[in-house]
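Source file input07.txt; content: compact mmCIF, N, CA and C atoms.
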# COMPACT_ATOMS: atom_id res chain seq x y z
N MET A 1 36.13 15.32 31.10
CA MET A 1 35.55 14.11 30.56
C MET A 1 35.25 13.16 31.71
N VAL A 2 34.06 12.62 31.70
CA VAL A 2 33.66 11.69 32.76
C VAL A 2 33.21 10.37 32.14
N PHE A 3 33.26 9.33 32.94
CA PHE A 3 32.80 8.01 32.56
C PHE A 3 32.35 7.31 33.83
N PRO A 4 31.52 6.25 33.72
CA PRO A 4 31.05 5.57 34.92
C PRO A 4 32.21 5.06 35.77
N GLY A 5 32.12 5.35 37.07
CA GLY A 5 33.16 4.94 38.01
C GLY A 5 34.15 6.04 38.34
N LYS A 6 34.18 7.12 37.58
CA LYS A 6 35.13 8.21 37.82
C LYS A 6 34.65 9.09 38.97
N LYS A 7 35.59 9.53 39.81
CA LYS A 7 35.28 10.44 40.90
C LYS A 7 35.73 11.83 40.51
N ILE A 8 34.81 12.80 40.63
CA ILE A 8 35.13 14.17 40.26
C ILE A 8 34.89 15.09 41.46
N THR A 9 35.62 16.18 41.49
CA THR A 9 35.47 17.19 42.52
C THR A 9 34.90 18.44 41.85
N ILE A 10 33.73 18.90 42.34
CA ILE A 10 33.07 20.05 41.74
C ILE A 10 32.73 21.07 42.84
N GLU A 11 32.25 22.23 42.40
CA GLU A 11 31.81 23.27 43.33
C GLU A 11 30.75 22.69 44.27
N LYS A 12 30.71 23.19 45.48
CA LYS A 12 29.82 22.63 46.50
C LYS A 12 28.36 22.65 46.06
N LEU A 13 27.69 21.50 46.22
CA LEU A 13 26.26 21.36 45.94
C LEU A 13 25.52 21.25 47.26
N GLU A 14 24.26 21.63 47.26
CA GLU A 14 23.42 21.52 48.46
C GLU A 14 22.80 20.13 48.53
N VAL A 15 23.64 19.10 48.51
CA VAL A 15 23.20 17.71 48.56
C VAL A 15 24.04 17.01 49.62
N LYS A 16 23.41 16.16 50.42
CA LYS A 16 24.11 15.46 51.50
C LYS A 16 24.84 14.23 50.95
N PRO A 17 25.93 13.82 51.59
CA PRO A 17 26.64 12.60 51.16
C PRO A 17 25.73 11.38 51.19
N GLY A 18 25.85 10.55 50.14
CA GLY A 18 25.03 9.36 50.01
C GLY A 18 23.82 9.55 49.12
N GLU A 19 23.47 10.79 48.83
CA GLU A 19 22.31 11.07 47.97
C GLU A 19 22.72 11.03 46.50
N LYS A 20 21.72 10.85 45.65
CA LYS A 20 21.94 10.82 44.20
C LYS A 20 21.85 12.24 43.65
N VAL A 21 22.59 12.48 42.57
CA VAL A 21 22.56 13.78 41.90
C VAL A 21 22.56 13.52 40.40
N ALA A 22 21.85 14.38 39.64
CA ALA A 22 21.77 14.23 38.18
C ALA A 22 22.16 15.54 37.52
N PHE A 23 22.95 15.42 36.46
CA PHE A 23 23.36 16.57 35.67
C PHE A 23 22.69 16.45 34.30
N GLU A 24 21.80 17.40 33.99
CA GLU A 24 21.06 17.34 32.73
C GLU A 24 21.58 18.32 31.69
N GLU A 25 22.44 19.24 32.08
CA GLU A 25 23.00 20.21 31.13
C GLU A 25 24.35 19.68 30.63
N VAL A 26 24.29 18.82 29.62
CA VAL A 26 25.48 18.18 29.06
C VAL A 26 25.83 18.87 27.75
N LEU A 27 27.09 19.25 27.60
CA LEU A 27 27.53 19.97 26.41
C LEU A 27 28.00 19.06 25.29
N PHE A 28 28.63 17.92 25.65
CA PHE A 28 29.28 17.06 24.66
C PHE A 28 29.16 15.61 25.11
N PHE A 29 28.94 14.71 24.15
CA PHE A 29 28.85 13.28 24.46
C PHE A 29 29.57 12.50 23.37
N GLU A 30 30.40 11.53 23.78
CA GLU A 30 31.09 10.67 22.83
C GLU A 30 30.94 9.23 23.31
N ASP A 31 30.52 8.34 22.40
CA ASP A 31 30.35 6.94 22.78
C ASP A 31 31.63 6.16 22.54
N ASP A 32 31.56 4.83 22.77
CA ASP A 32 32.74 3.96 22.64
C ASP A 32 33.24 3.86 21.20
N LYS A 33 32.36 4.07 20.24
CA LYS A 33 32.73 3.92 18.83
C LYS A 33 33.40 5.18 18.27
N GLY A 34 33.42 6.24 19.04
CA GLY A 34 34.03 7.48 18.57
C GLY A 34 33.05 8.46 17.97
N GLU A 35 31.76 8.11 17.96
CA GLU A 35 30.75 9.02 17.46
C GLU A 35 30.46 10.05 18.54
N SER A 36 30.31 11.30 18.13
CA SER A 36 30.14 12.36 19.11
C SER A 36 28.87 13.15 18.87
N LEU A 37 28.35 13.72 19.95
CA LEU A 37 27.18 14.58 19.91
C LEU A 37 27.60 15.92 20.51
N ILE A 38 27.26 17.00 19.84
CA ILE A 38 27.60 18.33 20.32
C ILE A 38 26.32 19.10 20.55
N GLY A 39 26.18 19.70 21.72
CA GLY A 39 24.98 20.44 22.06
C GLY A 39 24.99 21.85 21.54
N ASN A 40 23.81 22.42 21.47
CA ASN A 40 23.69 23.81 21.00
C ASN A 40 22.70 24.54 21.90
N PRO A 41 22.94 24.99 23.07
CA PRO A 41 24.16 24.86 23.86
C PRO A 41 24.23 23.55 24.63
N TYR A 42 23.07 22.91 24.93
CA TYR A 42 23.07 21.66 25.68
C TYR A 42 22.45 20.54 24.84
N LEU A 43 22.78 19.31 25.20
CA LEU A 43 22.18 18.14 24.54
C LEU A 43 20.88 17.78 25.23
N GLU A 44 19.85 17.52 24.45
CA GLU A 44 18.58 17.09 25.01
C GLU A 44 18.58 15.57 25.09
N GLY A 45 18.12 15.04 26.22
CA GLY A 45 18.01 13.61 26.37
C GLY A 45 19.25 12.93 26.92
N VAL A 46 20.32 13.67 27.16
CA VAL A 46 21.52 13.08 27.74
C VAL A 46 21.57 13.48 29.21
N LYS A 47 21.79 12.48 30.07
CA LYS A 47 21.75 12.70 31.51
C LYS A 47 22.89 11.95 32.17
N VAL A 48 23.60 12.63 33.07
CA VAL A 48 24.69 12.01 33.82
C VAL A 48 24.23 11.90 35.27
N GLU A 49 24.26 10.68 35.81
CA GLU A 49 23.83 10.45 37.19
C GLU A 49 25.01 10.03 38.03
N GLY A 50 25.01 10.49 39.28
CA GLY A 50 26.09 10.15 40.18
C GLY A 50 25.63 10.11 41.62
N GLU A 51 26.57 9.78 42.51
CA GLU A 51 26.30 9.72 43.93
C GLU A 51 27.32 10.58 44.66
N VAL A 52 26.83 11.38 45.61
CA VAL A 52 27.71 12.25 46.38
C VAL A 52 28.47 11.41 47.40
N LEU A 53 29.80 11.49 47.35
CA LEU A 53 30.62 10.74 48.29
C LEU A 53 30.92 11.54 49.55
N GLU A 54 31.38 12.78 49.37
CA GLU A 54 31.71 13.60 50.53
C GLU A 54 31.71 15.07 50.17
N GLU A 55 31.67 15.88 51.21
CA GLU A 55 31.83 17.32 51.08
C GLU A 55 33.05 17.71 51.90
N GLY A 56 33.72 18.75 51.48
CA GLY A 56 34.89 19.17 52.23
C GLY A 56 35.37 20.53 51.78
N LYS A 57 36.58 20.87 52.23
CA LYS A 57 37.20 22.12 51.85
C LYS A 57 38.55 21.81 51.23
N GLY A 58 38.91 22.58 50.22
CA GLY A 58 40.19 22.41 49.54
C GLY A 58 41.34 22.93 50.39
N GLU A 59 42.52 22.90 49.80
CA GLU A 59 43.68 23.39 50.52
C GLU A 59 43.61 24.90 50.67
N LYS A 60 44.29 25.42 51.68
CA LYS A 60 44.24 26.85 51.99
C LYS A 60 45.03 27.67 50.98
N LYS A 61 44.41 28.72 50.49
CA LYS A 61 45.06 29.69 49.61
C LYS A 61 45.31 30.95 50.44
N ILE A 62 46.51 31.48 50.36
CA ILE A 62 46.87 32.67 51.12
C ILE A 62 46.70 33.90 50.24
N ILE A 63 46.01 34.90 50.77
CA ILE A 63 45.84 36.18 50.09
C ILE A 63 46.60 37.21 50.92
N PHE A 64 47.59 37.86 50.31
CA PHE A 64 48.41 38.84 51.03
C PHE A 64 48.39 40.15 50.26
N LYS A 65 47.96 41.21 50.93
CA LYS A 65 47.93 42.53 50.31
C LYS A 65 48.86 43.45 51.10
N HIS A 66 49.53 44.32 50.39
CA HIS A 66 50.31 45.34 51.08
C HIS A 66 50.50 46.54 50.17
N LYS A 67 50.71 47.68 50.79
CA LYS A 67 51.00 48.91 50.07
C LYS A 67 52.32 49.44 50.60
N LYS A 68 53.23 49.64 49.69
CA LYS A 68 54.56 50.07 50.14
C LYS A 68 54.51 51.47 50.75
N ARG A 69 55.31 51.67 51.74
CA ARG A 69 55.48 52.93 52.47
C ARG A 69 54.21 53.45 53.12
N LYS A 70 53.21 52.61 53.33
CA LYS A 70 51.96 53.03 53.97
C LYS A 70 51.66 52.24 55.24
N ARG A 71 52.53 51.27 55.56
CA ARG A 71 52.36 50.40 56.73
C ARG A 71 51.02 49.65 56.67
N TYR A 72 50.67 49.21 55.47
CA TYR A 72 49.42 48.48 55.26
C TYR A 72 49.75 47.06 54.83
N LYS A 73 49.38 46.10 55.65
CA LYS A 73 49.56 44.69 55.32
C LYS A 73 48.34 43.92 55.80
N VAL A 74 47.80 43.06 54.93
CA VAL A 74 46.66 42.21 55.28
C VAL A 74 46.95 40.81 54.77
N LYS A 75 46.85 39.83 55.65
CA LYS A 75 47.05 38.43 55.26
C LYS A 75 45.78 37.67 55.60
N LYS A 76 45.20 37.03 54.56
CA LYS A 76 43.97 36.26 54.74
C LYS A 76 44.15 34.88 54.11
N GLY A 77 43.37 33.94 54.56
CA GLY A 77 43.36 32.61 53.97
C GLY A 77 41.96 32.25 53.51
N HIS A 78 41.88 31.34 52.53
CA HIS A 78 40.58 30.91 52.01
C HIS A 78 40.65 29.43 51.66
N ARG A 79 39.62 28.69 52.05
CA ARG A 79 39.49 27.28 51.68
C ARG A 79 38.17 27.12 50.94
N GLN A 80 38.25 26.75 49.67
CA GLN A 80 37.08 26.63 48.81
C GLN A 80 36.32 25.34 49.12
N PRO A 81 35.01 25.41 49.41
CA PRO A 81 34.24 24.18 49.64
C PRO A 81 34.01 23.41 48.34
N TYR A 82 33.97 22.09 48.44
CA TYR A 82 33.76 21.24 47.26
C TYR A 82 32.88 20.06 47.61
N THR A 83 32.39 19.40 46.58
CA THR A 83 31.61 18.17 46.70
C THR A 83 32.27 17.13 45.80
N GLU A 84 32.53 15.94 46.34
CA GLU A 84 33.10 14.86 45.54
C GLU A 84 31.97 13.93 45.11
N VAL A 85 31.87 13.70 43.79
CA VAL A 85 30.79 12.91 43.21
C VAL A 85 31.39 11.76 42.42
N GLU A 86 30.81 10.56 42.58
CA GLU A 86 31.20 9.41 41.76
C GLU A 86 30.14 9.23 40.68
N ILE A 87 30.58 9.20 39.42
CA ILE A 87 29.66 9.04 38.29
C ILE A 87 29.20 7.59 38.23
N LYS A 88 27.87 7.39 38.21
CA LYS A 88 27.30 6.04 38.16
C LYS A 88 26.91 5.65 36.74
N THR A 89 26.09 6.48 36.08
CA THR A 89 25.63 6.15 34.74
C THR A 89 25.57 7.39 33.85
N ILE A 90 25.66 7.15 32.56
CA ILE A 90 25.45 8.20 31.56
C ILE A 90 24.35 7.68 30.65
N LYS A 91 23.21 8.36 30.65
CA LYS A 91 22.05 7.89 29.89
C LYS A 91 21.83 8.76 28.66
N LEU A 92 21.59 8.09 27.56
CA LEU A 92 21.24 8.75 26.31
C LEU A 92 19.77 8.48 26.09
N GLY A 93 18.93 9.49 26.28
CA GLY A 93 17.47 9.32 26.25
C GLY A 93 16.93 9.08 24.86
N SER A 94 15.61 8.89 24.81
CA SER A 94 14.94 8.59 23.55
C SER A 94 14.90 9.80 22.63
N GLY A 95 14.90 11.01 23.19
CA GLY A 95 14.88 12.21 22.37
C GLY A 95 16.29 12.65 22.03
N SER A 96 17.13 11.71 21.62
CA SER A 96 18.53 12.04 21.36
C SER A 96 18.68 12.89 20.12
N PRO A 97 19.61 13.83 20.16
CA PRO A 97 19.83 14.68 18.99
C PRO A 97 20.53 13.92 17.88
N GLN A 98 20.67 14.58 16.76
CA GLN A 98 21.28 13.96 15.59
C GLN A 98 22.76 13.67 15.87
N LYS A 99 23.21 12.46 15.55
CA LYS A 99 24.59 12.08 15.79
C LYS A 99 25.49 12.67 14.72
N LYS A 100 26.64 13.20 15.17
CA LYS A 100 27.63 13.74 14.25
C LYS A 100 28.95 13.06 14.53
N SER A 101 29.47 12.39 13.57
CA SER A 101 30.78 11.77 13.69
C SER A 101 31.82 12.77 13.21
N THR A 102 33.04 12.63 13.70
CA THR A 102 34.09 13.55 13.28
C THR A 102 34.39 13.36 11.80
N ALA A 103 34.30 12.13 11.30
CA ALA A 103 34.55 11.87 9.89
C ALA A 103 33.43 12.49 9.04
N GLN A 104 32.19 12.40 9.50
CA GLN A 104 31.08 12.98 8.77
C GLN A 104 31.19 14.49 8.71
N SER A 105 31.61 15.12 9.81
CA SER A 105 31.71 16.57 9.81
C SER A 105 32.81 17.05 8.87
N LYS A 106 33.90 16.27 8.72
CA LYS A 106 34.96 16.64 7.79
C LYS A 106 34.46 16.54 6.35
N LYS A 107 33.67 15.48 6.06
CA LYS A 107 33.13 15.33 4.72
C LYS A 107 32.19 16.48 4.38
N LYS A 108 31.37 16.90 5.34
CA LYS A 108 30.44 17.99 5.11
C LYS A 108 31.18 19.28 4.84
N SER A 109 32.24 19.54 5.60
CA SER A 109 32.96 20.80 5.43
C SER A 109 33.66 20.86 4.06
N THR A 110 34.20 19.73 3.58
CA THR A 110 34.84 19.73 2.27
C THR A 110 33.81 19.87 1.16
N SER A 111 32.65 19.25 1.33
CA SER A 111 31.62 19.34 0.29
C SER A 111 31.04 20.75 0.24
N GLN A 112 30.97 21.43 1.37
CA GLN A 112 30.48 22.79 1.38
C GLN A 112 31.46 23.73 0.69
N LYS A 113 32.75 23.47 0.82
CA LYS A 113 33.77 24.31 0.19
C LYS A 113 33.74 24.14 -1.34
N GLU A 114 33.42 22.95 -1.82
CA GLU A 114 33.42 22.69 -3.25
C GLU A 114 32.23 23.33 -3.95
N SER A 115 31.11 23.40 -3.29
CA SER A 115 29.90 23.90 -3.94
C SER A 115 30.01 25.37 -4.38
N PRO A 116 30.57 26.32 -3.62
CA PRO A 116 30.70 27.69 -4.12
C PRO A 116 31.66 27.78 -5.32
N ALA A 117 32.69 26.95 -5.37
CA ALA A 117 33.63 26.97 -6.50
C ALA A 117 32.93 26.50 -7.76
N GLU A 118 32.06 25.51 -7.64
CA GLU A 118 31.33 24.99 -8.79
C GLU A 118 30.38 26.06 -9.33
N GLU A 119 29.80 26.88 -8.45
CA GLU A 119 28.88 27.92 -8.89
C GLU A 119 29.63 28.99 -9.69
N LYS A 120 30.86 29.31 -9.30
CA LYS A 120 31.65 30.33 -9.99
C LYS A 120 32.03 29.87 -11.40
N GLN A 121 32.30 28.57 -11.56
CA GLN A 121 32.70 28.05 -12.86
C GLN A 121 31.52 28.04 -13.82
N ALA A 122 30.31 27.89 -13.33
CA ALA A 122 29.13 27.80 -14.20
C ALA A 122 28.67 29.11 -14.75
As a first step, turn the structure in this file into structure tokens.
Amino acid sequence: MVFPGKKITIEKLEVKPGEKVAFEEVLFFEDDKGESLIGNPYLEGVKVEGEVLEEGKGEKKIIFKHKKRKRYKVKKGHRQPYTEVEIKTIKLGSGSPQKKSTAQSKKKSTSQKESPAEEKQA
């Protein structure tokens, strides 16, 4: 979950520090009122913009392999590259999808369950 001002660490991007970056493949959006939008698979018109703060490498992970009684030992290390991004804005465009509230979805699911029972009684 992200919001304006939050700093996130993601897989390395081919963007230099100080440049702007935009994420247009958004899966889920929730506003301050608790109303949520769910993508199928992505939301159209929702855009998250941020600024690249730095690039770096994570902490070292040790990979150790060995085979017993074969005198085989290999020790390797790996540092995963990352990009740190500060989220600036979250924009909900004009082509916004239909809003679904959690309360509305519960009402729909209960009404759908009642309709087949009513058909059986008739």
Inset, instruction - Kindly give the distance, in Å, that separates atom N of Thr9 (chain A) and atom C of Glu59 (chain A), rounded to a single decimal. - result: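 Calculated distance between atom N of Thr9 (chain A) and atom C of Glu59 (chain A) is 15.0 Å.
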Inset, instruction - Please provide the set of residues having any atom within 7 Å of Tyr82 (chain A), restricted to all atoms listed in the file, with same-chain residues fewer than 4 positions apart removed, written as JSON, numbers by chain. - result: {"A": [9, 10, 11, 12, 13, 54, 55, 56, 57, 58]}
Inset, instruction - Find the residues around region 40-52 of chain A up to 8 Å (only N, CA and C atoms counted), leave out those fewer than 5 positions away in its own chain, and share them as a PyMOL selection string. - result: chain A and resi 15-29+83-97
Inset, instruction - Using only C-alpha atoms, pick whichever of A:Lys67, A:Lys60, A:Leu53, A:Val2 has the shortest atom-to-atom distance to Pro81 (chain A). - result: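 Comparing A:Lys67, A:Lys60, A:Leu53, A:Val2 against Pro81 (chain A), the winner is A:Lys60.
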Legend entry - Straight-line distance linking atom N of Ile62 (chain A) with atom N of His78 (chain A), stated in Å to one decimal: 5.1 Å
Inset, instruction - Please measure the separation of CA of Lys61 (chain A) and CA of Val74 (chain A), giving the value in Å to one decimal. - result: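 Atom-to-atom, CA of Lys61 (chain A) to CA of Val74 (chain A), that is 13.8 Å.
Counting all atoms listed in the file, Lys65 (chain A) has the following residues at most 7 Å away, ignoring those fewer than 2 positions along the same chain: Ile63, Lys67, Tyr72, Lys73, Val74, Lys75 and Lys76 of chain A.
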